[in-house]
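I have placed the structure first, in the form of structure tokens, so that the comments after it can refer back to it.
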Amino acid sequence: MLTVTISPKYQVVIPKEIREALHLSPGEKLHVFRYQNRLEFVPVKDVKKMRGSLKGIDTAIKRDEDRT
């Protein structure tokens, strides 16, 4: 488990191992959520870059009558 320290300016450094695994780069934006007693950081992705990311997803689901 990795540990970070909050600076006097309330900043944290994301460890290199995590940055590389998530392909984060300087200036990239993250959404921050409070969930129970923890913080969660989620990278903000550009919609155009996400094109094709759901390729192959099964869309054959049963829909309610009013949703067809």
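Just remember, in the structure tokens the first chain shown is A, the second B, etc., residues are 1-based per chain, and ligands are 1-based in the order shown.
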
Would you kindly return, as a PyMOL selection string, each protein, DNA or RNA residue with an atom no farther than 7 Å from any atom of segment 27-33 of chain A, considering only C-alpha atoms and excluding same-chain residues fewer than 4 positions away?
chain A and resi 39-44

Can you pull out every residue from chain A that DSSP, working from the backbone, puts in strand (DSSP E), and format the result as a list of chain:residue names?
A:Leu30, A:His31, A:Val32, A:Phe33, A:Arg34, A:Tyr35, A:Arg38, A:Leu39, A:Glu40, A:Phe41, A:Val42, A:Pro43

Mind the document's chain letters and residue numbers, and return as a ChimeraX atom specification the residues of chain A that DSSP labels alpha helix (DSSP H).
/A:16-22

Mind writing the picked residues with all heavy atoms as an mmCIF file, in the first residue's frame?
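The resulting file, result-v9.cif, is reproduced below:
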```
data_model
loop_
_atom_site.group_PDB
_atom_site.id
_atom_site.type_symbol
_atom_site.label_atom_id
_atom_site.label_comp_id
_atom_site.auth_asym_id
_atom_site.auth_seq_id
_atom_site.Cartn_x
_atom_site.Cartn_y
_atom_site.Cartn_z
ATOM 1 N N LYS A 16 4.471 7.676 -8.449
ATOM 2 C CA LYS A 16 4.845 7.386 -9.832
ATOM 3 C C LYS A 16 4.211 6.094 -10.332
ATOM 4 O O LYS A 16 3.720 6.025 -11.459
ATOM 5 C CB LYS A 16 6.366 7.298 -9.945
ATOM 6 C CG LYS A 16 6.854 7.072 -11.351
ATOM 7 C CD LYS A 16 8.368 7.050 -11.400
ATOM 8 C CE LYS A 16 8.843 6.823 -12.829
ATOM 9 N NZ LYS A 16 10.299 6.783 -12.909
ATOM 10 N N GLU A 17 4.192 5.070 -9.503
ATOM 11 C CA GLU A 17 3.620 3.779 -9.881
ATOM 12 C C GLU A 17 2.150 3.925 -10.299
ATOM 13 O O GLU A 17 1.721 3.355 -11.295
ATOM 14 C CB GLU A 17 3.729 2.831 -8.682
ATOM 15 C CG GLU A 17 3.148 1.472 -8.894
ATOM 16 C CD GLU A 17 3.288 0.621 -7.636
ATOM 17 O OE1 GLU A 17 4.323 0.717 -6.956
ATOM 18 O OE2 GLU A 17 2.348 -0.140 -7.358
ATOM 19 N N ILE A 18 1.402 4.735 -9.572
ATOM 20 C CA ILE A 18 -0.013 4.959 -9.881
ATOM 21 C C ILE A 18 -0.150 5.823 -11.138
ATOM 22 O O ILE A 18 -0.973 5.531 -12.007
ATOM 23 C CB ILE A 18 -0.732 5.645 -8.697
ATOM 24 C CG1 ILE A 18 -0.596 4.817 -7.418
ATOM 25 C CG2 ILE A 18 -2.185 5.926 -9.041
ATOM 26 C CD1 ILE A 18 -1.226 3.458 -7.472
ATOM 27 N N ARG A 19 0.653 6.900 -11.226
ATOM 28 C CA ARG A 19 0.601 7.782 -12.412
ATOM 29 C C ARG A 19 0.856 6.997 -13.686
ATOM 30 O O ARG A 19 0.164 7.169 -14.690
ATOM 31 C CB ARG A 19 1.627 8.901 -12.288
ATOM 32 C CG ARG A 19 1.357 9.901 -11.197
ATOM 33 C CD ARG A 19 2.276 11.115 -11.293
ATOM 34 N NE ARG A 19 3.667 10.824 -11.553
ATOM 35 C CZ ARG A 19 4.639 10.837 -10.644
ATOM 36 N NH1 ARG A 19 4.374 11.123 -9.384
ATOM 37 N NH2 ARG A 19 5.876 10.581 -10.979
ATOM 38 N N GLU A 20 1.845 6.129 -13.655
ATOM 39 C CA GLU A 20 2.192 5.356 -14.849
ATOM 40 C C GLU A 20 1.113 4.326 -15.173
ATOM 41 O O GLU A 20 0.758 4.144 -16.336
ATOM 42 C CB GLU A 20 3.550 4.670 -14.665
ATOM 43 C CG GLU A 20 4.699 5.649 -14.690
ATOM 44 C CD GLU A 20 6.048 4.999 -14.437
ATOM 45 O OE1 GLU A 20 6.087 3.810 -14.011
ATOM 46 O OE2 GLU A 20 7.068 5.671 -14.658
ATOM 47 N N ALA A 21 0.561 3.664 -14.164
ATOM 48 C CA ALA A 21 -0.469 2.651 -14.398
ATOM 49 C C ALA A 21 -1.729 3.264 -14.996
ATOM 50 O O ALA A 21 -2.397 2.645 -15.830
ATOM 51 C CB ALA A 21 -0.798 1.936 -13.093
ATOM 52 N N LEU A 22 -2.055 4.500 -14.594
ATOM 53 C CA LEU A 22 -3.259 5.171 -15.089
ATOM 54 C C LEU A 22 -2.969 6.110 -16.250
ATOM 55 O O LEU A 22 -3.871 6.792 -16.740
ATOM 56 C CB LEU A 22 -3.932 5.954 -13.948
ATOM 57 C CG LEU A 22 -4.474 5.108 -12.801
ATOM 58 C CD1 LEU A 22 -5.044 5.998 -11.707
ATOM 59 C CD2 LEU A 22 -5.525 4.134 -13.301
#
```

In Å to one decimal, how far is atom CA of Lys45 of chain A from atom CA of Ser25 of chain A?
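Between these atoms lies a distance of 12.2 Å.
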
What does the structure give for the distance between atom CA of Leu54 of chain A and atom CA of Arg67 of chain A, in Å to one decimal?
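So the two atoms, atom CA of Leu54 of chain A and atom CA of Arg67 of chain A, lie 20.8 Å apart.
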
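In this structure, atom CA of Val12 of chain A sits 27.5 Å away from atom CA of Met50 of chain A.
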